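Written out below as structure tokens is the structure these notes cover.
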Amino acid sequence: MKTVGYFDGTDPLLLTRLVALGYSTMPLANDFDEAGKPSAHLEPGDVDLIVGYLHKLTPISRKDPPSTGSGMEKSKDMKPLELLYPAKTYDIPVIVIVPAEHHKAAKEILGEAADFVELVTPDELEEKVLKHLK
């Protein structure tokens, strides 16, 4: 069974359709929202595809990150490449959802990660996801 790793905000109807088609889903977290398994800690076999909106791959801008009280403060300078490094290393396809008119800006924002992610519009998302999973 193939597994789709997704960042918070990914269309829940798409995720439901995927489960109904026999795929598994796994929530992923960036280093800022802790909404699932940290994407930077993925290991081979965890997921077969990663899906998420551009804003989930961009770090927040703060001079001083808030204290978590744990003594393990979050990095404020983590770049999209660092969040997706396991995807690059383990050849996990990454789909980033961005309206067509913002693809150029998205590539600039993604920096080095733009070299291995696929930008898709919301309208073509399901088609592209299923293409990667088959």
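A note on labels: chains of the structure tokens are A, B, ... as shown, every chain counts residues from 1, and ligands are counted from 1 in their shown order.
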
Quick one: residues within 10 Å of A:Ala87, only C-alpha atoms counted, chain neighbours fewer than 2 positions away excluded, as a list in words?
Ser39, Ala40, His41, Leu42, Glu43, Pro44, Val47, Asp48, Leu49, Ile50, Leu81, Glu82, Leu83, Leu84, Tyr85, Thr89, Tyr90, Asp91, Ile92, Pro93, Val94, Ala113, Phe116 and Val117 of chain A

Which of chain A counts as alpha helix (DSSP H) under DSSP, as a PDB file with all heavy atoms, in the first residue's frame please?
```pdb
ATOM      1  N   PRO A  12      -8.996  17.849   2.440  1.00  0.00           N
ATOM      2  CA  PRO A  12      -9.434  16.623   3.109  1.00  0.00           C
ATOM      3  C   PRO A  12     -10.254  15.705   2.198  1.00  0.00           C
ATOM      4  O   PRO A  12     -10.241  14.491   2.379  1.00  0.00           O
ATOM      5  CB  PRO A  12     -10.259  17.118   4.290  1.00  0.00           C
ATOM      6  CG  PRO A  12     -10.580  18.534   4.002  1.00  0.00           C
ATOM      7  CD  PRO A  12      -9.545  19.049   3.060  1.00  0.00           C
ATOM      8  N   LEU A  13     -10.952  16.265   1.217  1.00  0.00           N
ATOM      9  CA  LEU A  13     -11.696  15.410   0.290  1.00  0.00           C
ATOM     10  C   LEU A  13     -10.752  14.605  -0.589  1.00  0.00           C
ATOM     11  O   LEU A  13     -11.007  13.439  -0.883  1.00  0.00           O
ATOM     12  CB  LEU A  13     -12.654  16.239  -0.561  1.00  0.00           C
ATOM     13  CG  LEU A  13     -13.850  16.819   0.193  1.00  0.00           C
ATOM     14  CD1 LEU A  13     -14.685  17.697  -0.724  1.00  0.00           C
ATOM     15  CD2 LEU A  13     -14.694  15.721   0.802  1.00  0.00           C
ATOM     16  N   LEU A  14      -9.636  15.219  -0.987  1.00  0.00           N
ATOM     17  CA  LEU A  14      -8.626  14.478  -1.746  1.00  0.00           C
ATOM     18  C   LEU A  14      -8.084  13.332  -0.893  1.00  0.00           C
ATOM     19  O   LEU A  14      -7.991  12.196  -1.350  1.00  0.00           O
ATOM     20  CB  LEU A  14      -7.484  15.394  -2.182  1.00  0.00           C
ATOM     21  CG  LEU A  14      -6.248  14.668  -2.734  1.00  0.00           C
ATOM     22  CD1 LEU A  14      -6.580  13.940  -4.030  1.00  0.00           C
ATOM     23  CD2 LEU A  14      -5.103  15.639  -2.918  1.00  0.00           C
ATOM     24  N   LEU A  15      -7.755  13.618   0.341  1.00  0.00           N
ATOM     25  CA  LEU A  15      -7.199  12.595   1.224  1.00  0.00           C
ATOM     26  C   LEU A  15      -8.214  11.476   1.455  1.00  0.00           C
ATOM     27  O   LEU A  15      -7.855  10.298   1.471  1.00  0.00           O
ATOM     28  CB  LEU A  15      -6.755  13.226   2.547  1.00  0.00           C
ATOM     29  CG  LEU A  15      -5.657  14.283   2.418  1.00  0.00           C
ATOM     30  CD1 LEU A  15      -5.422  14.976   3.751  1.00  0.00           C
ATOM     31  CD2 LEU A  15      -4.377  13.697   1.864  1.00  0.00           C
ATOM     32  N   THR A  16      -9.478  11.825   1.605  1.00  0.00           N
ATOM     33  CA  THR A  16     -10.534  10.827   1.769  1.00  0.00           C
ATOM     34  C   THR A  16     -10.666   9.962   0.520  1.00  0.00           C
ATOM     35  O   THR A  16     -10.794   8.738   0.610  1.00  0.00           O
ATOM     36  CB  THR A  16     -11.867  11.523   2.100  1.00  0.00           C
ATOM     37  OG1 THR A  16     -11.724  12.201   3.352  1.00  0.00           O
ATOM     38  CG2 THR A  16     -13.015  10.532   2.186  1.00  0.00           C
ATOM     39  N   ARG A  17     -10.605  10.583  -0.648  1.00  0.00           N
ATOM     40  CA  ARG A  17     -10.670   9.821  -1.903  1.00  0.00           C
ATOM     41  C   ARG A  17      -9.499   8.843  -1.991  1.00  0.00           C
ATOM     42  O   ARG A  17      -9.661   7.706  -2.434  1.00  0.00           O
ATOM     43  CB  ARG A  17     -10.657  10.760  -3.106  1.00  0.00           C
ATOM     44  CG  ARG A  17     -11.967  11.440  -3.363  1.00  0.00           C
ATOM     45  CD  ARG A  17     -11.913  12.206  -4.697  1.00  0.00           C
ATOM     46  NE  ARG A  17     -12.858  13.288  -4.658  1.00  0.00           N
ATOM     47  CZ  ARG A  17     -12.564  14.570  -4.486  1.00  0.00           C
ATOM     48  NH1 ARG A  17     -11.320  14.972  -4.368  1.00  0.00           N
ATOM     49  NH2 ARG A  17     -13.511  15.471  -4.459  1.00  0.00           N
ATOM     50  N   LEU A  18      -8.317   9.311  -1.609  1.00  0.00           N
ATOM     51  CA  LEU A  18      -7.146   8.440  -1.659  1.00  0.00           C
ATOM     52  C   LEU A  18      -7.318   7.223  -0.755  1.00  0.00           C
ATOM     53  O   LEU A  18      -6.991   6.106  -1.141  1.00  0.00           O
ATOM     54  CB  LEU A  18      -5.882   9.223  -1.287  1.00  0.00           C
ATOM     55  CG  LEU A  18      -5.453  10.297  -2.276  1.00  0.00           C
ATOM     56  CD1 LEU A  18      -4.282  11.098  -1.713  1.00  0.00           C
ATOM     57  CD2 LEU A  18      -5.096   9.698  -3.624  1.00  0.00           C
ATOM     58  N   VAL A  19      -7.825   7.435   0.447  1.00  0.00           N
ATOM     59  CA  VAL A  19      -8.055   6.324   1.364  1.00  0.00           C
ATOM     60  C   VAL A  19      -9.090   5.371   0.772  1.00  0.00           C
ATOM     61  O   VAL A  19      -8.927   4.146   0.815  1.00  0.00           O
ATOM     62  CB  VAL A  19      -8.477   6.840   2.760  1.00  0.00           C
ATOM     63  CG1 VAL A  19      -8.968   5.703   3.643  1.00  0.00           C
ATOM     64  CG2 VAL A  19      -7.310   7.566   3.418  1.00  0.00           C
ATOM     65  N   ALA A  20     -10.151   5.917   0.181  1.00  0.00           N
ATOM     66  CA  ALA A  20     -11.186   5.078  -0.429  1.00  0.00           C
ATOM     67  C   ALA A  20     -10.631   4.266  -1.606  1.00  0.00           C
ATOM     68  O   ALA A  20     -11.122   3.173  -1.891  1.00  0.00           O
ATOM     69  CB  ALA A  20     -12.357   5.943  -0.899  1.00  0.00           C
ATOM     70  N   PRO A  80      13.222  25.594   2.957  1.00  0.00           N
ATOM     71  CA  PRO A  80      12.451  24.515   2.342  1.00  0.00           C
ATOM     72  C   PRO A  80      13.299  23.278   2.032  1.00  0.00           C
ATOM     73  O   PRO A  80      12.844  22.154   2.246  1.00  0.00           O
ATOM     74  CB  PRO A  80      11.898  25.154   1.069  1.00  0.00           C
ATOM     75  CG  PRO A  80      11.764  26.603   1.418  1.00  0.00           C
ATOM     76  CD  PRO A  80      12.951  26.886   2.300  1.00  0.00           C
ATOM     77  N   LEU A  81      14.530  23.470   1.578  1.00  0.00           N
ATOM     78  CA  LEU A  81      15.389  22.328   1.272  1.00  0.00           C
ATOM     79  C   LEU A  81      15.620  21.462   2.509  1.00  0.00           C
ATOM     80  O   LEU A  81      15.608  20.237   2.436  1.00  0.00           O
ATOM     81  CB  LEU A  81      16.718  22.781   0.684  1.00  0.00           C
ATOM     82  CG  LEU A  81      17.712  21.664   0.368  1.00  0.00           C
ATOM     83  CD1 LEU A  81      17.134  20.717  -0.690  1.00  0.00           C
ATOM     84  CD2 LEU A  81      19.034  22.237  -0.102  1.00  0.00           C
ATOM     85  N   GLU A  82      15.794  22.092   3.647  1.00  0.00           N
ATOM     86  CA  GLU A  82      16.024  21.331   4.879  1.00  0.00           C
ATOM     87  C   GLU A  82      14.778  20.550   5.289  1.00  0.00           C
ATOM     88  O   GLU A  82      14.879  19.414   5.753  1.00  0.00           O
ATOM     89  CB  GLU A  82      16.464  22.266   6.002  1.00  0.00           C
ATOM     90  CG  GLU A  82      17.835  22.866   5.736  1.00  0.00           C
ATOM     91  CD  GLU A  82      18.156  24.022   6.661  1.00  0.00           C
ATOM     92  OE1 GLU A  82      17.372  24.985   6.721  1.00  0.00           O
ATOM     93  OE2 GLU A  82      19.192  23.936   7.335  1.00  0.00           O
ATOM     94  N   LEU A  83      13.608  21.143   5.088  1.00  0.00           N
ATOM     95  CA  LEU A  83      12.360  20.442   5.411  1.00  0.00           C
ATOM     96  C   LEU A  83      12.143  19.248   4.489  1.00  0.00           C
ATOM     97  O   LEU A  83      11.546  18.257   4.877  1.00  0.00           O
ATOM     98  CB  LEU A  83      11.169  21.392   5.286  1.00  0.00           C
ATOM     99  CG  LEU A  83      11.055  22.481   6.338  1.00  0.00           C
ATOM    100  CD1 LEU A  83       9.954  23.452   5.964  1.00  0.00           C
ATOM    101  CD2 LEU A  83      10.789  21.870   7.700  1.00  0.00           C
ATOM    102  N   TYR A  85      14.678  17.656   2.725  1.00  0.00           N
ATOM    103  CA  TYR A  85      15.919  16.950   2.424  1.00  0.00           C
ATOM    104  C   TYR A  85      15.745  15.433   2.312  1.00  0.00           C
ATOM    105  O   TYR A  85      16.281  14.821   1.389  1.00  0.00           O
ATOM    106  CB  TYR A  85      17.012  17.292   3.443  1.00  0.00           C
ATOM    107  CG  TYR A  85      18.364  16.833   2.973  1.00  0.00           C
ATOM    108  CD1 TYR A  85      19.028  17.545   1.983  1.00  0.00           C
ATOM    109  CD2 TYR A  85      18.948  15.683   3.472  1.00  0.00           C
ATOM    110  CE1 TYR A  85      20.255  17.118   1.514  1.00  0.00           C
ATOM    111  CE2 TYR A  85      20.175  15.245   3.007  1.00  0.00           C
ATOM    112  CZ  TYR A  85      20.834  15.971   2.033  1.00  0.00           C
ATOM    113  OH  TYR A  85      22.035  15.539   1.550  1.00  0.00           O
ATOM    114  N   PRO A  86      14.980  14.788   3.198  1.00  0.00           N
ATOM    115  CA  PRO A  86      14.773  13.341   3.022  1.00  0.00           C
ATOM    116  C   PRO A  86      14.096  13.013   1.692  1.00  0.00           C
ATOM    117  O   PRO A  86      14.393  11.987   1.086  1.00  0.00           O
ATOM    118  CB  PRO A  86      13.894  12.952   4.207  1.00  0.00           C
ATOM    119  CG  PRO A  86      14.198  13.978   5.243  1.00  0.00           C
ATOM    120  CD  PRO A  86      14.405  15.254   4.467  1.00  0.00           C
ATOM    121  N   ALA A  87      13.204  13.863   1.242  1.00  0.00           N
ATOM    122  CA  ALA A  87      12.546  13.624  -0.052  1.00  0.00           C
ATOM    123  C   ALA A  87      13.577  13.632  -1.177  1.00  0.00           C
ATOM    124  O   ALA A  87      13.563  12.766  -2.054  1.00  0.00           O
ATOM    125  CB  ALA A  87      11.476  14.678  -0.315  1.00  0.00           C
ATOM    126  N   LYS A  88      14.481  14.575  -1.127  1.00  0.00           N
ATOM    127  CA  LYS A  88      15.534  14.641  -2.140  1.00  0.00           C
ATOM    128  C   LYS A  88      16.458  13.423  -2.024  1.00  0.00           C
ATOM    129  O   LYS A  88      16.766  12.764  -3.016  1.00  0.00           O
ATOM    130  CB  LYS A  88      16.346  15.929  -1.987  1.00  0.00           C
ATOM    131  CG  LYS A  88      17.444  16.061  -2.997  1.00  0.00           C
ATOM    132  CD  LYS A  88      18.230  17.345  -2.822  1.00  0.00           C
ATOM    133  CE  LYS A  88      19.325  17.402  -3.865  1.00  0.00           C
ATOM    134  NZ  LYS A  88      20.145  18.585  -3.759  1.00  0.00           N
ATOM    135  N   THR A  89      16.861  13.107  -0.828  1.00  0.00           N
ATOM    136  CA  THR A  89      17.795  12.009  -0.587  1.00  0.00           C
ATOM    137  C   THR A  89      17.218  10.653  -0.983  1.00  0.00           C
ATOM    138  O   THR A  89      17.912   9.832  -1.572  1.00  0.00           O
ATOM    139  CB  THR A  89      18.197  11.980   0.900  1.00  0.00           C
ATOM    140  OG1 THR A  89      18.794  13.236   1.237  1.00  0.00           O
ATOM    141  CG2 THR A  89      19.185  10.874   1.186  1.00  0.00           C
ATOM    142  N   HIS A 103       3.704  30.549  -9.782  1.00  0.00           N
ATOM    143  CA  HIS A 103       4.742  29.508  -9.909  1.00  0.00           C
ATOM    144  C   HIS A 103       6.152  30.098  -9.939  1.00  0.00           C
ATOM    145  O   HIS A 103       7.060  29.540  -9.323  1.00  0.00           O
ATOM    146  CB  HIS A 103       4.485  28.647 -11.143  1.00  0.00           C
ATOM    147  CG  HIS A 103       3.460  27.592 -10.912  1.00  0.00           C
ATOM    148  ND1 HIS A 103       3.328  26.493 -11.714  1.00  0.00           N
ATOM    149  CD2 HIS A 103       2.510  27.447  -9.947  1.00  0.00           C
ATOM    150  CE1 HIS A 103       2.345  25.731 -11.273  1.00  0.00           C
ATOM    151  NE2 HIS A 103       1.828  26.299 -10.211  1.00  0.00           N
ATOM    152  N   LYS A 104       6.339  31.203 -10.634  1.00  0.00           N
ATOM    153  CA  LYS A 104       7.676  31.802 -10.704  1.00  0.00           C
ATOM    154  C   LYS A 104       8.144  32.240  -9.309  1.00  0.00           C
ATOM    155  O   LYS A 104       9.275  31.950  -8.905  1.00  0.00           O
ATOM    156  CB  LYS A 104       7.682  32.988 -11.662  1.00  0.00           C
ATOM    157  CG  LYS A 104       9.040  33.619 -11.822  1.00  0.00           C
ATOM    158  CD  LYS A 104       9.038  34.767 -12.805  1.00  0.00           C
ATOM    159  CE  LYS A 104      10.423  35.383 -12.900  1.00  0.00           C
ATOM    160  NZ  LYS A 104      10.451  36.553 -13.760  1.00  0.00           N
ATOM    161  N   ALA A 105       7.276  32.903  -8.582  1.00  0.00           N
ATOM    162  CA  ALA A 105       7.626  33.342  -7.224  1.00  0.00           C
ATOM    163  C   ALA A 105       7.867  32.133  -6.320  1.00  0.00           C
ATOM    164  O   ALA A 105       8.779  32.146  -5.489  1.00  0.00           O
ATOM    165  CB  ALA A 105       6.519  34.220  -6.651  1.00  0.00           C
ATOM    166  N   ALA A 106       7.066  31.085  -6.497  1.00  0.00           N
ATOM    167  CA  ALA A 106       7.222  29.884  -5.677  1.00  0.00           C
ATOM    168  C   ALA A 106       8.596  29.267  -5.878  1.00  0.00           C
ATOM    169  O   ALA A 106       9.229  28.822  -4.912  1.00  0.00           O
ATOM    170  CB  ALA A 106       6.126  28.870  -6.011  1.00  0.00           C
ATOM    171  N   LYS A 107       9.073  29.235  -7.114  1.00  0.00           N
ATOM    172  CA  LYS A 107      10.407  28.678  -7.386  1.00  0.00           C
ATOM    173  C   LYS A 107      11.482  29.470  -6.661  1.00  0.00           C
ATOM    174  O   LYS A 107      12.433  28.900  -6.128  1.00  0.00           O
ATOM    175  CB  LYS A 107      10.671  28.647  -8.886  1.00  0.00           C
ATOM    176  CG  LYS A 107       9.875  27.584  -9.597  1.00  0.00           C
ATOM    177  CD  LYS A 107      10.151  27.588 -11.084  1.00  0.00           C
ATOM    178  CE  LYS A 107       9.287  26.540 -11.772  1.00  0.00           C
ATOM    179  NZ  LYS A 107       9.504  26.470 -13.200  1.00  0.00           N
ATOM    180  N   GLU A 108      11.334  30.777  -6.643  1.00  0.00           N
ATOM    181  CA  GLU A 108      12.307  31.612  -5.932  1.00  0.00           C
ATOM    182  C   GLU A 108      12.256  31.346  -4.428  1.00  0.00           C
ATOM    183  O   GLU A 108      13.287  31.239  -3.775  1.00  0.00           O
ATOM    184  CB  GLU A 108      12.043  33.090  -6.225  1.00  0.00           C
ATOM    185  CG  GLU A 108      12.362  33.477  -7.654  1.00  0.00           C
ATOM    186  CD  GLU A 108      12.029  34.925  -7.960  1.00  0.00           C
ATOM    187  OE1 GLU A 108      11.948  35.746  -7.018  1.00  0.00           O
ATOM    188  OE2 GLU A 108      11.849  35.236  -9.141  1.00  0.00           O
ATOM    189  N   ILE A 109      11.049  31.231  -3.898  1.00  0.00           N
ATOM    190  CA  ILE A 109      10.871  30.987  -2.460  1.00  0.00           C
ATOM    191  C   ILE A 109      11.434  29.624  -2.067  1.00  0.00           C
ATOM    192  O   ILE A 109      12.072  29.474  -1.030  1.00  0.00           O
ATOM    193  CB  ILE A 109       9.386  31.095  -2.084  1.00  0.00           C
ATOM    194  CG1 ILE A 109       8.932  32.560  -2.220  1.00  0.00           C
ATOM    195  CG2 ILE A 109       9.122  30.573  -0.677  1.00  0.00           C
ATOM    196  CD1 ILE A 109       7.433  32.739  -2.211  1.00  0.00           C
ATOM    197  N   LEU A 110      11.203  28.627  -2.913  1.00  0.00           N
ATOM    198  CA  LEU A 110      11.670  27.267  -2.616  1.00  0.00           C
ATOM    199  C   LEU A 110      13.179  27.119  -2.736  1.00  0.00           C
ATOM    200  O   LEU A 110      13.763  26.196  -2.171  1.00  0.00           O
ATOM    201  CB  LEU A 110      10.976  26.257  -3.537  1.00  0.00           C
ATOM    202  CG  LEU A 110       9.504  26.041  -3.245  1.00  0.00           C
ATOM    203  CD1 LEU A 110       8.846  25.284  -4.383  1.00  0.00           C
ATOM    204  CD2 LEU A 110       9.323  25.307  -1.924  1.00  0.00           C
ATOM    205  N   LEU A 125      -4.382  19.016  -8.925  1.00  0.00           N
ATOM    206  CA  LEU A 125      -3.769  18.279  -7.824  1.00  0.00           C
ATOM    207  C   LEU A 125      -4.120  16.793  -7.827  1.00  0.00           C
ATOM    208  O   LEU A 125      -3.231  15.939  -7.805  1.00  0.00           O
ATOM    209  CB  LEU A 125      -4.149  18.910  -6.482  1.00  0.00           C
ATOM    210  CG  LEU A 125      -3.614  18.189  -5.252  1.00  0.00           C
ATOM    211  CD1 LEU A 125      -2.088  18.154  -5.255  1.00  0.00           C
ATOM    212  CD2 LEU A 125      -4.146  18.852  -3.991  1.00  0.00           C
ATOM    213  N   GLU A 126      -5.395  16.455  -7.852  1.00  0.00           N
ATOM    214  CA  GLU A 126      -5.787  15.050  -7.746  1.00  0.00           C
ATOM    215  C   GLU A 126      -5.220  14.235  -8.901  1.00  0.00           C
ATOM    216  O   GLU A 126      -4.690  13.134  -8.701  1.00  0.00           O
ATOM    217  CB  GLU A 126      -7.303  14.909  -7.706  1.00  0.00           C
ATOM    218  CG  GLU A 126      -7.747  13.482  -7.467  1.00  0.00           C
ATOM    219  CD  GLU A 126      -9.225  13.362  -7.178  1.00  0.00           C
ATOM    220  OE1 GLU A 126      -9.919  14.378  -7.001  1.00  0.00           O
ATOM    221  OE2 GLU A 126      -9.690  12.207  -7.124  1.00  0.00           O
ATOM    222  N   GLU A 127      -5.281  14.769 -10.098  1.00  0.00           N
ATOM    223  CA  GLU A 127      -4.745  14.069 -11.274  1.00  0.00           C
ATOM    224  C   GLU A 127      -3.250  13.787 -11.113  1.00  0.00           C
ATOM    225  O   GLU A 127      -2.787  12.682 -11.381  1.00  0.00           O
ATOM    226  CB  GLU A 127      -4.978  14.912 -12.528  1.00  0.00           C
ATOM    227  CG  GLU A 127      -4.360  14.381 -13.773  1.00  0.00           C
ATOM    228  CD  GLU A 127      -4.456  15.349 -14.944  1.00  0.00           C
ATOM    229  OE1 GLU A 127      -5.322  16.242 -14.931  1.00  0.00           O
ATOM    230  OE2 GLU A 127      -3.639  15.212 -15.873  1.00  0.00           O
ATOM    231  N   LYS A 128      -2.501  14.777 -10.645  1.00  0.00           N
ATOM    232  CA  LYS A 128      -1.042  14.623 -10.492  1.00  0.00           C
ATOM    233  C   LYS A 128      -0.721  13.652  -9.358  1.00  0.00           C
ATOM    234  O   LYS A 128       0.214  12.849  -9.479  1.00  0.00           O
ATOM    235  CB  LYS A 128      -0.385  15.981 -10.233  1.00  0.00           C
ATOM    236  CG  LYS A 128      -0.512  16.956 -11.367  1.00  0.00           C
ATOM    237  CD  LYS A 128       0.335  16.562 -12.550  1.00  0.00           C
ATOM    238  CE  LYS A 128       0.271  17.650 -13.609  1.00  0.00           C
ATOM    239  NZ  LYS A 128       1.219  17.435 -14.670  1.00  0.00           N
ATOM    240  N   VAL A 129      -1.472  13.701  -8.277  1.00  0.00           N
ATOM    241  CA  VAL A 129      -1.239  12.778  -7.162  1.00  0.00           C
ATOM    242  C   VAL A 129      -1.444  11.348  -7.623  1.00  0.00           C
ATOM    243  O   VAL A 129      -0.600  10.475  -7.404  1.00  0.00           O
ATOM    244  CB  VAL A 129      -2.152  13.115  -5.960  1.00  0.00           C
ATOM    245  CG1 VAL A 129      -2.173  11.981  -4.947  1.00  0.00           C
ATOM    246  CG2 VAL A 129      -1.697  14.411  -5.293  1.00  0.00           C
ATOM    247  N   LEU A 130      -2.564  11.086  -8.293  1.00  0.00           N
ATOM    248  CA  LEU A 130      -2.861   9.724  -8.753  1.00  0.00           C
ATOM    249  C   LEU A 130      -1.831   9.242  -9.780  1.00  0.00           C
ATOM    250  O   LEU A 130      -1.467   8.067  -9.784  1.00  0.00           O
ATOM    251  CB  LEU A 130      -4.278   9.654  -9.323  1.00  0.00           C
ATOM    252  CG  LEU A 130      -5.382   9.798  -8.273  1.00  0.00           C
ATOM    253  CD1 LEU A 130      -6.741   9.889  -8.938  1.00  0.00           C
ATOM    254  CD2 LEU A 130      -5.331   8.655  -7.269  1.00  0.00           C
ATOM    255  N   LYS A 131      -1.344  10.144 -10.608  1.00  0.00           N
ATOM    256  CA  LYS A 131      -0.304   9.790 -11.576  1.00  0.00           C
ATOM    257  C   LYS A 131       0.948   9.301 -10.865  1.00  0.00           C
ATOM    258  O   LYS A 131       1.559   8.296 -11.266  1.00  0.00           O
ATOM    259  CB  LYS A 131       0.016  10.996 -12.456  1.00  0.00           C
ATOM    260  CG  LYS A 131       1.092  10.747 -13.488  1.00  0.00           C
ATOM    261  CD  LYS A 131       1.366  12.000 -14.288  1.00  0.00           C
ATOM    262  CE  LYS A 131       2.582  11.800 -15.191  1.00  0.00           C
ATOM    263  NZ  LYS A 131       2.980  13.052 -15.839  1.00  0.00           N
ATOM    264  N   HIS A 132       1.337   9.957  -9.788  1.00  0.00           N
ATOM    265  CA  HIS A 132       2.531   9.543  -9.040  1.00  0.00           C
ATOM    266  C   HIS A 132       2.331   8.238  -8.294  1.00  0.00           C
ATOM    267  O   HIS A 132       3.282   7.496  -8.073  1.00  0.00           O
ATOM    268  CB  HIS A 132       2.938  10.639  -8.038  1.00  0.00           C
ATOM    269  CG  HIS A 132       3.703  11.757  -8.642  1.00  0.00           C
ATOM    270  ND1 HIS A 132       5.032  11.647  -8.987  1.00  0.00           N
ATOM    271  CD2 HIS A 132       3.334  13.009  -8.979  1.00  0.00           C
ATOM    272  CE1 HIS A 132       5.443  12.798  -9.499  1.00  0.00           C
ATOM    273  NE2 HIS A 132       4.438  13.634  -9.511  1.00  0.00           N
ATOM    274  N   LEU A 133       1.114   7.957  -7.891  1.00  0.00           N
ATOM    275  CA  LEU A 133       0.847   6.770  -7.087  1.00  0.00           C
ATOM    276  C   LEU A 133       0.669   5.494  -7.912  1.00  0.00           C
ATOM    277  O   LEU A 133       0.785   4.403  -7.383  1.00  0.00           O
ATOM    278  CB  LEU A 133      -0.384   6.987  -6.211  1.00  0.00           C
ATOM    279  CG  LEU A 133      -0.220   8.045  -5.123  1.00  0.00           C
ATOM    280  CD1 LEU A 133      -1.543   8.289  -4.422  1.00  0.00           C
ATOM    281  CD2 LEU A 133       0.857   7.649  -4.130  1.00  0.00           C
TER     282      LEU A 133
END
```

Can you check which residues of stretch 2-131 of chain A DSSP gives as strand (DSSP E) on the backbone and send them as a ChimeraX atom specification?
/A:3-7,24-29,37-38,49-53,94-97,117-120

Just checking: using only C-alpha atoms, which residue out of A:Tyr6, A:Ala35, A:Asp46, A:Ser24 ends up closest to A:Val96?
A:Tyr6

Tell me, in Å to one decimal, how far atom CA of A:Asp33 is from atom CA of A:His55.
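Interatomic distance here is 11.6 Å.
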
Taking 6 positions as the minimum chain separation for residues in the same chain, which residues sit within 7 Å of A:Val120 when counting only C-alpha atoms? Answer as a list in words.
Ile95, Val96, Ile97 and Val98 of chain A
